[in-house]
Every structure is written in C-alpha cells, then in structure tokens.
$ cat work-v3.cif   # mmCIF, C-alpha atoms
data_model
#
loop_
_atom_site.label_atom_id
_atom_site.label_comp_id
_atom_site.auth_asym_id
_atom_site.auth_seq_id
_atom_site.Cartn_x
_atom_site.Cartn_y
_atom_site.Cartn_z
CA MET A 24 94.57 103.38 140.05
CA ASP A 25 98.01 103.13 141.57
CA LEU A 26 100.96 103.25 139.19
CA ILE A 27 103.52 100.58 139.90
CA ASP A 28 107.04 100.73 138.48
CA LEU A 29 107.98 97.35 137.12
CA PRO A 30 111.46 96.25 138.16
CA ALA A 31 114.07 96.81 135.48
CA LYS A 32 115.40 93.72 133.79
CA THR A 33 118.90 92.65 134.68
CA ARG A 34 121.67 93.24 132.18
CA GLU A 35 122.02 89.47 131.74
CA ALA A 36 118.31 89.14 130.87
CA THR A 37 118.57 91.96 128.33
CA ILE A 38 121.60 90.33 126.73
CA MET A 39 119.84 86.98 126.42
CA GLU A 40 116.74 88.61 124.90
CA LEU A 41 118.82 90.50 122.33
CA ARG A 42 120.70 87.33 121.43
CA ASP A 43 117.40 85.52 120.97
CA PHE A 44 115.95 88.29 118.79
CA SER A 45 119.16 88.42 116.75
CA ARG A 46 118.96 84.69 116.02
CA ARG A 47 115.32 85.04 115.02
CA LEU A 48 116.15 87.91 112.66
CA VAL A 49 118.92 85.86 111.06
CA ARG A 50 116.49 82.98 110.50
CA GLU A 51 113.53 85.05 109.30
CA LEU A 52 115.65 87.08 106.89
CA GLY A 53 116.95 83.86 105.38
CA PHE A 54 120.63 83.98 106.33
CA MET A 55 120.62 80.33 107.38
CA ARG A 56 119.80 79.21 103.86
CA THR A 57 122.40 78.36 101.24
CA THR A 58 121.06 81.15 99.02
CA LEU A 59 119.59 84.55 99.81
CA ALA A 60 117.06 87.07 98.45
CA ASP A 61 115.60 84.83 95.74
CA SER A 62 119.00 84.52 94.08
CA ASP A 63 121.45 81.67 93.52
CA LEU A 64 124.07 83.35 95.67
CA ALA A 65 125.20 82.79 99.24
CA PRO A 66 124.45 85.58 101.76
CA SER A 67 127.98 87.02 101.65
CA ALA A 68 127.89 87.17 97.84
CA VAL A 69 124.53 88.95 97.91
CA HIS A 70 125.94 91.55 100.27
CA ALA A 71 128.99 91.98 98.03
CA ILE A 72 126.70 92.64 95.04
CA ILE A 73 124.76 95.23 97.06
CA GLU A 74 127.88 97.06 98.27
CA ILE A 75 129.63 97.12 94.88
CA GLY A 76 126.43 98.41 93.30
CA ALA A 77 126.13 101.11 95.97
CA ALA A 78 129.75 102.25 95.50
CA PRO A 79 130.90 101.56 91.91
CA GLY A 80 134.69 101.49 91.75
CA ILE A 81 135.12 100.27 95.32
CA SER A 82 138.39 98.46 95.99
CA ALA A 83 138.50 94.85 97.13
CA LYS A 84 140.14 96.00 100.37
CA ASP A 85 137.36 98.43 101.19
CA LEU A 86 134.75 95.84 100.26
CA GLY A 87 136.35 93.41 102.69
CA ASN A 88 136.31 96.03 105.44
CA ILE A 89 132.59 96.64 104.94
CA LEU A 90 131.73 92.92 104.86
CA ARG A 91 134.11 92.12 107.75
CA LEU A 92 136.02 89.62 105.58
CA ASP A 93 139.75 89.03 105.62
CA LYS A 94 141.86 89.52 102.51
CA SER A 95 141.82 85.89 101.35
CA ASN A 96 138.06 85.47 101.76
CA THR A 97 137.43 88.77 99.97
CA SER A 98 139.65 87.69 97.08
CA ARG A 99 137.83 84.36 96.74
CA GLN A 100 134.44 86.08 96.89
CA VAL A 101 135.35 88.60 94.20
CA ALA A 102 136.89 85.89 92.02
CA ARG A 103 133.68 83.82 92.16
CA LEU A 104 131.51 86.81 91.28
CA GLU A 105 133.88 87.70 88.45
CA ALA A 106 133.79 84.14 87.09
CA SER A 107 129.99 84.25 87.22
CA GLY A 108 129.98 87.35 85.03
CA LEU A 109 128.46 89.57 87.75
CA VAL A 110 131.51 91.68 88.63
CA GLU A 111 134.37 93.11 86.59
CA ARG A 112 137.69 94.62 87.55
CA ARG A 113 139.02 97.85 86.03
CA ALA A 114 142.48 99.33 86.51
CA ALA A 115 142.40 102.08 89.11
CA LYS A 116 142.95 105.54 87.64
CA GLU A 117 145.40 106.58 90.35
CA ASP A 118 147.32 103.31 90.53
CA ALA A 119 147.35 100.93 87.56
CA ARG A 120 148.70 98.17 89.82
CA SER A 121 145.39 98.00 91.70
CA SER A 122 141.86 97.48 90.41
CA ASP A 123 138.40 98.77 91.16
CA LEU A 124 135.22 96.69 91.20
CA TYR A 125 132.08 97.30 89.15
CA LEU A 126 128.90 95.35 88.47
CA THR A 127 128.42 94.08 84.94
CA ASP A 128 125.06 94.43 83.20
CA ALA A 129 124.15 91.01 84.57
CA GLY A 130 125.25 92.10 88.02
CA GLN A 131 123.13 95.25 87.82
CA LYS A 132 120.12 93.18 86.78
CA LEU A 133 120.64 90.80 89.71
CA ARG A 134 121.07 93.70 92.13
CA LYS A 135 117.70 95.15 91.06
CA LYS A 136 116.10 91.75 91.62
CA ILE A 137 117.67 91.52 95.11
CA ASP A 138 116.51 95.05 95.92
CA ARG A 139 112.93 94.23 94.91
CA PHE A 140 112.93 91.08 97.03
CA ALA A 141 114.35 92.84 100.09
CA THR A 142 112.02 95.82 99.73
CA ASP A 143 108.98 93.56 99.50
CA GLN A 144 110.15 91.56 102.52
CA VAL A 145 110.54 94.66 104.69
CA SER A 146 107.37 96.30 103.36
CA ASN A 147 105.25 93.27 104.17
CA ALA A 148 106.59 93.21 107.73
CA LEU A 149 106.00 96.94 108.27
CA ARG A 150 102.36 96.59 107.24
CA ARG A 151 101.84 94.69 110.47
CA MET A 152 103.13 97.61 112.57
CA VAL A 153 101.65 101.03 113.30
CA PRO A 154 103.70 104.04 112.02
CA ALA A 155 104.91 105.03 115.49
CA ASP A 156 106.29 101.53 116.08
CA GLN A 157 107.93 101.58 112.64
CA GLN A 158 109.89 104.73 113.48
CA ALA A 159 110.83 103.41 116.91
CA LEU A 160 112.09 100.22 115.28
CA VAL A 161 114.27 102.11 112.78
CA ARG A 162 115.82 104.27 115.47
CA SER A 163 116.42 101.36 117.85
CA LEU A 164 117.96 99.10 115.21
CA ALA A 165 120.18 101.92 114.01
CA LEU A 166 121.47 102.57 117.52
CA TYR A 167 122.03 98.84 118.08
CA ALA A 168 123.89 98.46 114.76
CA ASP A 169 126.00 101.53 115.55
CA ALA A 170 126.86 100.12 118.97
CA LEU A 171 127.97 96.83 117.42
CA ALA A 172 130.03 98.73 114.84
CA GLN A 173 131.64 100.78 117.59
CA ASP A 174 132.80 97.61 119.31
CA ASN A 175 134.32 96.36 116.05
CA SER A 176 136.00 99.69 115.32
CA THR A 177 137.73 99.75 118.72
CA LYS A 178 139.53 96.49 117.99
CA ALA A 179 143.06 96.84 116.71
CA PRO A 180 143.01 97.16 112.91
CA PRO A 181 145.35 95.08 110.77
CA GLU A 182 148.63 96.56 109.63
CA GLY A 183 147.90 99.31 107.13
CA GLY A 184 144.28 99.53 108.34
CA THR A 185 142.10 102.61 108.62
CA ALA A 186 143.61 103.82 111.90
CA THR A 187 146.96 104.42 110.18
CA ARG A 188 145.26 106.70 107.63
CA ILE A 189 143.67 109.10 110.11
CA LEU A 190 145.91 112.14 110.39
CA GLU A 191 145.57 115.19 112.61
CA GLY A 192 146.09 118.73 111.36
CA TYR A 193 146.27 120.36 107.97
CA GLN A 194 147.37 118.19 105.05
CA PRO A 195 148.14 119.61 101.57
CA GLY A 196 145.01 119.52 99.40
CA CYS A 197 142.63 118.78 102.27
CA VAL A 198 140.65 122.02 101.98
CA GLY A 199 139.79 121.36 98.34
CA ASP A 200 139.08 117.68 98.98
CA ILE A 201 136.71 118.31 101.88
CA ALA A 202 134.96 121.24 100.17
CA SER A 203 134.46 118.99 97.13
CA LEU A 204 132.97 116.19 99.25
CA HIS A 205 130.54 118.64 100.85
CA ALA A 206 129.59 120.23 97.53
CA ARG A 207 128.86 116.92 95.77
CA PHE A 208 126.92 115.41 98.66
CA TYR A 209 124.76 118.44 99.45
CA SER A 210 124.15 119.19 95.79
CA ALA A 211 122.90 115.65 95.18
CA HIS A 212 120.74 115.47 98.32
CA TRP A 213 119.68 119.05 98.93
CA GLY A 214 120.29 121.02 95.75
CA PHE A 215 122.93 123.32 97.28
CA GLY A 216 125.07 125.25 94.80
CA ALA A 217 128.20 127.39 94.51
CA PHE A 218 127.37 129.58 97.51
CA PHE A 219 127.51 126.59 99.86
CA GLU A 220 130.74 125.21 98.37
CA LYS A 221 132.40 128.64 98.58
CA LYS A 222 131.34 129.03 102.22
CA VAL A 223 132.75 125.61 103.18
CA ALA A 224 136.04 126.24 101.35
CA THR A 225 136.47 129.76 102.75
CA GLU A 226 135.70 128.95 106.38
CA LEU A 227 137.57 125.64 106.38
CA GLY A 228 140.56 127.29 104.71
CA GLY A 229 140.69 129.98 107.36
CA PHE A 230 140.35 127.40 110.12
CA ALA A 231 143.12 125.17 108.70
CA ASP A 232 145.42 128.15 108.18
CA ALA A 233 145.21 128.99 111.89
CA LEU A 234 146.26 125.51 113.03
CA PRO A 235 147.76 124.56 115.39
CA ALA A 236 145.69 126.60 117.82
CA PRO A 237 144.42 126.02 121.39
CA GLY A 238 141.12 124.16 121.54
CA LYS A 239 141.04 123.51 117.79
CA ALA A 240 141.74 120.30 115.89
CA LEU A 241 141.21 118.73 112.48
CA TRP A 242 141.22 115.01 111.69
CA LEU A 243 141.41 113.59 108.16
CA TYR A 244 141.13 110.13 106.69
CA THR A 245 143.46 109.95 103.69
CA GLU A 246 144.17 107.51 100.88
CA ASN A 247 146.90 108.09 98.29
CA GLY A 248 147.28 111.68 99.41
CA ARG A 249 143.54 112.49 99.14
CA SER A 250 141.30 113.36 102.08
CA LEU A 251 138.13 111.21 102.00
CA ALA A 252 136.71 112.08 105.41
CA SER A 253 137.06 114.88 107.91
CA LEU A 254 135.94 116.19 111.29
CA ALA A 255 136.96 119.41 113.03
CA ILE A 256 136.57 120.79 116.55
CA ASP A 257 136.45 124.57 116.76
CA GLY A 258 136.58 125.26 120.49
CA ASP A 259 136.44 128.35 122.68
CA ASP A 260 138.62 127.77 125.73
CA GLU A 261 137.23 130.71 127.69
CA ALA A 262 133.59 129.71 127.20
CA GLY A 263 134.33 126.00 127.61
CA VAL A 264 132.24 125.22 124.52
CA ALA A 265 133.29 123.44 121.34
CA HIS A 266 131.72 123.48 117.86
CA LEU A 267 131.91 120.23 115.84
CA ARG A 268 132.25 121.15 112.15
CA TRP A 269 132.93 119.76 108.66
CA PHE A 270 132.12 116.15 109.48
CA ILE A 271 131.78 114.20 106.25
CA VAL A 272 132.70 110.73 104.97
CA ASP A 273 132.98 109.75 101.31
CA ASP A 274 130.35 107.25 100.11
CA SER A 275 133.09 104.72 99.28
CA LEU A 276 133.82 104.42 103.02
CA ARG A 277 130.23 103.71 104.04
CA GLY A 278 130.16 101.00 106.70
CA SER A 279 133.93 100.99 107.18
CA GLY A 280 133.85 102.55 110.65
CA VAL A 281 135.89 105.60 109.59
CA GLY A 282 133.18 108.03 110.71
CA ARG A 283 133.00 106.45 114.14
CA GLN A 284 136.80 106.49 114.51
CA LEU A 285 136.88 110.20 113.68
CA MET A 286 134.06 110.85 116.16
CA SER A 287 135.81 108.82 118.86
CA GLN A 288 139.01 110.87 118.55
CA ALA A 289 137.04 114.11 118.57
CA MET A 290 135.03 113.16 121.67
CA LYS A 291 138.22 112.25 123.52
CA PHE A 292 139.60 115.67 122.58
CA VAL A 293 136.56 117.63 123.80
CA ASP A 294 136.10 115.58 126.97
CA GLU A 295 139.58 116.66 128.08
CA ARG A 296 138.99 120.37 127.40
CA PHE A 297 135.34 121.44 127.20
CA SER A 298 132.11 121.09 129.14
CA GLU A 299 129.84 121.17 126.07
CA THR A 300 130.03 120.41 122.35
CA TYR A 301 127.41 121.36 119.78
CA LEU A 302 126.85 120.91 116.05
CA TRP A 303 124.41 121.97 113.35
CA THR A 304 123.05 119.55 110.77
CA PHE A 305 120.00 119.09 108.53
CA LYS A 306 116.90 117.05 109.26
CA GLY A 307 116.87 113.88 107.17
CA LEU A 308 120.52 112.89 107.56
CA ASP A 309 119.51 109.84 109.59
CA ALA A 310 122.80 107.92 109.44
CA ALA A 311 124.71 110.92 110.81
CA ARG A 312 122.05 111.51 113.46
CA HIS A 313 122.36 107.92 114.72
CA LEU A 314 126.12 108.39 115.07
CA TYR A 315 125.67 111.70 116.91
CA GLU A 316 123.15 110.21 119.32
CA SER A 317 125.26 107.13 119.98
CA SER A 318 128.13 109.53 120.83
CA GLY A 319 126.00 111.34 123.43
CA PHE A 320 124.51 114.21 121.40
CA ARG A 321 120.86 115.17 121.86
CA LEU A 322 118.61 117.30 119.67
CA THR A 323 118.11 120.73 121.29
CA ASP A 324 116.69 122.98 118.56
CA GLU A 325 115.12 123.01 115.09
CA LEU A 326 114.50 125.87 112.68
CA GLU A 327 113.49 126.17 109.05
CA GLY A 328 115.40 128.32 106.60
CA ALA A 329 116.34 128.80 102.95
CA GLN A 330 119.71 130.52 103.26
CA TRP A 331 121.41 127.66 101.41
CA GLY A 332 119.33 128.11 98.27
CA THR A 333 116.67 125.54 99.13
CA ARG A 334 114.30 125.18 102.08
CA VAL A 335 115.68 122.88 104.80
CA ILE A 336 115.17 122.24 108.49
CA GLU A 337 118.37 122.83 110.45
CA GLN A 338 118.92 120.95 113.69
CA ARG A 339 121.19 121.74 116.63
CA PHE A 340 122.58 118.88 118.70
CA SER A 341 124.40 119.32 122.00
CA ARG A 342 126.51 117.02 124.20
CA ARG A 343 127.78 117.40 127.75
CA SER A 344 131.33 116.15 128.19
CA ALA A 345 131.87 112.87 129.98
CA GLY A 346 135.26 113.99 131.25
CA THR A 347 136.48 117.25 132.77
CA ARG A 348 133.76 119.76 133.62
CA ARG A 349 134.77 123.39 133.22
#

$ encode --input "work-v3.cif" --output "structure tokens"
Amino acid sequence: MDLIDLPAKTREATIMELRDFSRRLVRELGFMRTTLADSDLAPSAVHAIIEIGAAPGISAKDLGNILRLDKSNTSRQVARLEASGLVERRAAKEDARSSDLYLTDAGQKLRKKIDRFATDQVSNALRRMVPADQQALVRSLALYADALAQDNSTKAPPEGGTATRILEGYQPGCVGDIASLHARFYSAHWGFGAFFEKKVATELGGFADALPAPGKALWLYTENGRSLASLAIDGDDEAGVAHLRWFIVDDSLRGSGVGRQLMSQAMKFVDERFSETYLWTFKGLDAARHLYESSGFRLTDELEGAQWGTRVIEQRFSRRSAGTRR
C-alpha cells in the first residue's frame, strides 16, 4: 500500500478550528451559564474561590492578575464574596495598610463542593478516552494554555506591574529567600531535607558572590524587598554552553506570568551568547516542563537516583539557541 502524505492544513484553517473548539469547551464546561460548577456563583467568582483557596493570604492585586481582571472589577468581586460570607480580609503582616484574602469556613466548604463537581466532570469525560489520548490531551492543552499566557505576558503591564519587580543581579537577602523557596517546595513534594537546602544556599551564594561575571546572570522577582521567584544562567563562554539553574516561583504567583517573564529574559540572554542551554529537573514537575518545552527545550536524558535523600528520576533538557550560533 502506498503511503500518501496528506497536505498540511493552512494556518487560517488551524486558527478557525481552534476557535471552534475553544467555543465548544466554553459551552460544555458551563461558562455560558449564569452560575458555574453546581454553585450559585458566576464563573469569575468560582475561579476567585478556587485561587484564594489554593493560595491562602493572596492579595487582591495578585488575584486580579491571575484572573485577568482590572483593579475595579477585582475589588467588586472580592467585596461580593466578602458580603456573602465566603471570603475574609486580614491585615497583611508586612504592611498593615494592605490586606490578604482567605476563605471562611463557608468558603472552604463551597470550594470542596466545586472541586468535587469539576473532578467528576473531567473524570467522566476521560473515561471516554484511551490513556494515550488522555496524556496527549494534557500535554497539548498545557502547551496551548502556555502559549496564550505568553501572549498576555508580552503585553505592556500596568504601572507598578510585575515587569517593574524583576531585577537583575544580586539583591540583599535573595540567597536566603531563594534557598527557602526551594527547601519548602522540595520538602513538601519530594521529601528533601537539610542536605538539599544547604546545597542550594551554598552554590547559589557562591554564584551570587561572583556577579557580575561574563556569561552569568541572575533575575529575581521581588515584592517588599523579598525575592519570590528566581532564575539564573551559569554560562561557559569558551564552551558556548549555558546552564539554567535555580528556577523557582512562589505558589502565590501561580498563573501570574512571572515564570514566563523570567524565562523570556533568560532566553534572550542565552540566544545572544551561547549555542546551547541545558537544565536538570525532576520527573513529575509538569507545569515547569510545559514552560521549558514551550521555550524550546527538549528532553535529552533521564536517570534515577537517591542522592537527595529520596528516590527520584532526574531529567536533562537541552535547547539550541535561536540567535547567534557559536
């Protein structure tokens, strides 16, 4: 039997199909209704409940960034949820003039109900798909969502937005902040202990102490003098190879686009100087993997080890530069 290559679809046809599928998803998931997820709340309010529950103590500003709402709409949304007894404000520890958002007991109860509804909805749909298609769907949707987020993150942020908080180079306290973020995250998800935290603090401290240095750079996202996200490039000019290290984003910034902004600055840096960039990560960090792949990285190696105190599968990703080739 002869194999015949079907002609590729035009870009316009692909765009129209994606728009059609997006509209169908919006309808099937219930976003066209006045309420969502078997609750009495509008879709935006349901998402606010989910995000506040996922990051207790989140600020109204950060909530608005995640939900893509302006300041006035965010304020009205929070006020309605507060009046309904689902959300409460507490004075921020670092600045009594601002407040953090938390779910009340009633809000927590509603969030669990929403979670059950959404889980059942997705589970029922997945039963109609074979496992291989399920995994392909997850990866494809993640890449599509990341691509949409990248477009949003490249638009000029409002005055005082996240772009103004990304600083390059060592900042006082950053070594402790970033080591702490790594220690808490990897302890909670992988069971890593003091050895891992000490290694991060020692190596990052030595790296920061050497800055500025050729082929090396450190970017930090800061709020009120604290570093809440970081990414470093540790490059070798002679070899033309760069090592991406210490990339982490605090949970409170999930969905804000900070991680992608850090990655964008780093990729611009390496494209101007190096032919290849590589990184090491752990299997199972799917959100980070989607960001790496959407930035041009590809999985090149896997190995299993227990040097961190628990058995994990380490993964190496590599990326060829889009700019100058050395």

$ residues_around --input "work-v3.cif" --residues "Phe208 of chain A" --least-positions-apart "6" --cutoff "9 Å" --atoms "only C-alpha atoms" --output "JSON list (two decimals) with C-alpha atoms, in the frame of the given file"
[["chain", "number", "residue", "atom", "x", "y", "z"],
["A", 215, "PHE", "CA", 122.93, 123.32, 97.28],
["A", 273, "ASP", "CA", 132.98, 109.75, 101.31],
["A", 274, "ASP", "CA", 130.35, 107.25, 100.11]]

$ resolve_selection --input "work-v3.cif" --expression "the PyMOL selection byres ((chain A and resi 87) around 10)" --output "short mmCIF file (atom, residue, chain, number, x, y, z; two decimals) with C-alpha atoms, in the frame of the given file"
data_model
loop_
_atom_site.label_atom_id
_atom_site.label_comp_id
_atom_site.auth_asym_id
_atom_site.auth_seq_id
_atom_site.Cartn_x
_atom_site.Cartn_y
_atom_site.Cartn_z
CA ALA A 71 128.99 91.98 98.03
CA SER A 82 138.39 98.46 95.99
CA ALA A 83 138.50 94.85 97.13
CA LYS A 84 140.14 96.00 100.37
CA ASP A 85 137.36 98.43 101.19
CA LEU A 86 134.75 95.84 100.26
CA ASN A 88 136.31 96.03 105.44
CA ILE A 89 132.59 96.64 104.94
CA LEU A 90 131.73 92.92 104.86
CA ARG A 91 134.11 92.12 107.75
CA LEU A 92 136.02 89.62 105.58
CA ASP A 93 139.75 89.03 105.62
CA LYS A 94 141.86 89.52 102.51
CA SER A 95 141.82 85.89 101.35
CA ASN A 96 138.06 85.47 101.76
CA THR A 97 137.43 88.77 99.97
CA SER A 98 139.65 87.69 97.08
CA GLN A 100 134.44 86.08 96.89
CA VAL A 101 135.35 88.60 94.20
CA SER A 279 133.93 100.99 107.18
#

$ closest_residue --input "work-v3.cif" --among "A:Ala240, A:Trp213, A:Gly248, A:Ile201" --to "Val272 of chain A" --atoms "only C-alpha atoms"
A:Ile201

$ residues_around --input "work-v3.cif" --residues "segment 126-136 of chain A" --least-positions-apart "6" --cutoff "7 Å" --atoms "all atoms listed in the file" --output "number ranges by chain"
A: 72-73, 75-76, 108-111

$ residues_around --input "work-v3.cif" --residues "Val335 of chain A" --least-positions-apart "6" --cutoff "9 Å" --atoms "all atoms listed in the file" --output "PyMOL selection string"
chain A and resi 213+305-306+326-329

$ resolve_selection --input "work-v3.cif" --expression "the PyMOL selection byres ((chain A and resi 281) around 10)" --output "PyMOL selection string"
chain A and resi 176+185-186+188-189+243-244+251-253+272-273+276-280+282-287

$ residues_around --input "work-v3.cif" --residues "segment 153-166 of chain A" --least-positions-apart "4" --cutoff "9 Å" --atoms "all atoms listed in the file" --output "PyMOL selection string"
chain A and resi 149+170-171+309-310+313-314+316-317

$ write_last_selection --input "work-v3.cif" --atoms "C-alpha atoms" --output "mmCIF file, in the frame of the given file"
data_model
loop_
_atom_site.group_PDB
_atom_site.id
_atom_site.type_symbol
_atom_site.label_atom_id
_atom_site.label_comp_id
_atom_site.auth_asym_id
_atom_site.auth_seq_id
_atom_site.Cartn_x
_atom_site.Cartn_y
_atom_site.Cartn_z
ATOM 1 C CA LEU A 149 106.000 96.940 108.270
ATOM 2 C CA ALA A 170 126.860 100.120 118.970
ATOM 3 C CA LEU A 171 127.970 96.830 117.420
ATOM 4 C CA ASP A 309 119.510 109.840 109.590
ATOM 5 C CA ALA A 310 122.800 107.920 109.440
ATOM 6 C CA HIS A 313 122.360 107.920 114.720
ATOM 7 C CA LEU A 314 126.120 108.390 115.070
ATOM 8 C CA GLU A 316 123.150 110.210 119.320
ATOM 9 C CA SER A 317 125.260 107.130 119.980
#

$ decode --input "work-v3.cif" --residues "segment 250-269 of chain A" --atoms "N, CA, C and O atoms" --output "PDB file, in the first residue's frame"
ATOM      1  N   SER A 250      12.557  38.244  47.712  1.00  0.00           N
ATOM      2  CA  SER A 250      12.618  37.572  46.411  1.00  0.00           C
ATOM      3  C   SER A 250      11.637  36.408  46.420  1.00  0.00           C
ATOM      4  O   SER A 250      11.738  35.507  47.257  1.00  0.00           O
ATOM      5  N   LEU A 251      10.673  36.424  45.474  1.00  0.00           N
ATOM      6  CA  LEU A 251       9.641  35.392  45.401  1.00  0.00           C
ATOM      7  C   LEU A 251       9.781  34.502  44.170  1.00  0.00           C
ATOM      8  O   LEU A 251       9.011  33.554  44.011  1.00  0.00           O
ATOM      9  N   ALA A 252      10.751  34.801  43.328  1.00  0.00           N
ATOM     10  CA  ALA A 252      10.997  33.971  42.150  1.00  0.00           C
ATOM     11  C   ALA A 252      12.408  34.255  41.661  1.00  0.00           C
ATOM     12  O   ALA A 252      12.937  35.354  41.860  1.00  0.00           O
ATOM     13  N   SER A 253      13.005  33.260  41.032  1.00  0.00           N
ATOM     14  CA  SER A 253      14.378  33.443  40.562  1.00  0.00           C
ATOM     15  C   SER A 253      14.661  32.565  39.361  1.00  0.00           C
ATOM     16  O   SER A 253      13.988  31.552  39.126  1.00  0.00           O
ATOM     17  N   LEU A 254      15.671  32.945  38.604  1.00  0.00           N
ATOM     18  CA  LEU A 254      16.202  32.141  37.512  1.00  0.00           C
ATOM     19  C   LEU A 254      17.629  32.630  37.257  1.00  0.00           C
ATOM     20  O   LEU A 254      17.872  33.835  37.206  1.00  0.00           O
ATOM     21  N   ALA A 255      18.556  31.694  37.101  1.00  0.00           N
ATOM     22  CA  ALA A 255      19.951  32.049  36.864  1.00  0.00           C
ATOM     23  C   ALA A 255      20.474  31.352  35.619  1.00  0.00           C
ATOM     24  O   ALA A 255      20.054  30.241  35.294  1.00  0.00           O
ATOM     25  N   ILE A 256      21.393  32.004  34.929  1.00  0.00           N
ATOM     26  CA  ILE A 256      22.125  31.411  33.817  1.00  0.00           C
ATOM     27  C   ILE A 256      23.597  31.370  34.207  1.00  0.00           C
ATOM     28  O   ILE A 256      24.205  32.406  34.491  1.00  0.00           O
ATOM     29  N   ASP A 257      24.135  30.165  34.237  1.00  0.00           N
ATOM     30  CA  ASP A 257      25.536  29.949  34.587  1.00  0.00           C
ATOM     31  C   ASP A 257      26.237  29.451  33.323  1.00  0.00           C
ATOM     32  O   ASP A 257      26.235  28.255  33.024  1.00  0.00           O
ATOM     33  N   GLY A 258      26.802  30.394  32.565  1.00  0.00           N
ATOM     34  CA  GLY A 258      27.323  30.054  31.242  1.00  0.00           C
ATOM     35  C   GLY A 258      28.832  29.929  31.176  1.00  0.00           C
ATOM     36  O   GLY A 258      29.562  30.532  31.970  1.00  0.00           O
ATOM     37  N   ASP A 259      29.295  29.128  30.236  1.00  0.00           N
ATOM     38  CA  ASP A 259      30.713  28.952  29.944  1.00  0.00           C
ATOM     39  C   ASP A 259      30.975  29.532  28.556  1.00  0.00           C
ATOM     40  O   ASP A 259      30.610  28.932  27.539  1.00  0.00           O
ATOM     41  N   ASP A 260      31.608  30.699  28.517  1.00  0.00           N
ATOM     42  CA  ASP A 260      31.825  31.385  27.245  1.00  0.00           C
ATOM     43  C   ASP A 260      32.689  30.572  26.286  1.00  0.00           C
ATOM     44  O   ASP A 260      32.437  30.548  25.074  1.00  0.00           O
ATOM     45  N   GLU A 261      33.705  29.912  26.790  1.00  0.00           N
ATOM     46  CA  GLU A 261      34.604  29.159  25.925  1.00  0.00           C
ATOM     47  C   GLU A 261      33.906  27.964  25.282  1.00  0.00           C
ATOM     48  O   GLU A 261      34.082  27.685  24.096  1.00  0.00           O
ATOM     49  N   ALA A 262      33.087  27.264  26.059  1.00  0.00           N
ATOM     50  CA  ALA A 262      32.379  26.094  25.531  1.00  0.00           C
ATOM     51  C   ALA A 262      31.139  26.488  24.747  1.00  0.00           C
ATOM     52  O   ALA A 262      30.613  25.698  23.955  1.00  0.00           O
ATOM     53  N   GLY A 263      30.630  27.708  24.971  1.00  0.00           N
ATOM     54  CA  GLY A 263      29.415  28.142  24.289  1.00  0.00           C
ATOM     55  C   GLY A 263      28.171  27.470  24.818  1.00  0.00           C
ATOM     56  O   GLY A 263      27.158  27.362  24.114  1.00  0.00           O
ATOM     57  N   VAL A 264      28.221  27.003  26.076  1.00  0.00           N
ATOM     58  CA  VAL A 264      27.104  26.280  26.685  1.00  0.00           C
ATOM     59  C   VAL A 264      26.701  26.964  27.984  1.00  0.00           C
ATOM     60  O   VAL A 264      27.558  27.384  28.771  1.00  0.00           O
ATOM     61  N   ALA A 265      25.412  27.068  28.209  1.00  0.00           N
ATOM     62  CA  ALA A 265      24.887  27.703  29.419  1.00  0.00           C
ATOM     63  C   ALA A 265      24.072  26.707  30.232  1.00  0.00           C
ATOM     64  O   ALA A 265      23.398  25.838  29.684  1.00  0.00           O
ATOM     65  N   HIS A 266      24.107  26.852  31.540  1.00  0.00           N
ATOM     66  CA  HIS A 266      23.355  26.011  32.478  1.00  0.00           C
ATOM     67  C   HIS A 266      22.276  26.869  33.127  1.00  0.00           C
ATOM     68  O   HIS A 266      22.582  27.876  33.774  1.00  0.00           O
ATOM     69  N   LEU A 267      21.009  26.508  32.934  1.00  0.00           N
ATOM     70  CA  LEU A 267      19.899  27.218  33.573  1.00  0.00           C
ATOM     71  C   LEU A 267      19.708  26.631  34.962  1.00  0.00           C
ATOM     72  O   LEU A 267      19.481  25.431  35.111  1.00  0.00           O
ATOM     73  N   ARG A 268      19.746  27.474  35.995  1.00  0.00           N
ATOM     74  CA  ARG A 268      19.712  26.985  37.379  1.00  0.00           C
ATOM     75  C   ARG A 268      18.777  27.821  38.247  1.00  0.00           C
ATOM     76  O   ARG A 268      18.434  28.954  37.925  1.00  0.00           O
ATOM     77  N   TRP A 269      18.387  27.220  39.375  1.00  0.00           N
ATOM     78  CA  TRP A 269      17.631  27.893  40.445  1.00  0.00           C
ATOM     79  C   TRP A 269      16.373  28.622  39.936  1.00  0.00           C
ATOM     80  O   TRP A 269      16.088  29.753  40.311  1.00  0.00           O
TER      81      TRP A 269
END
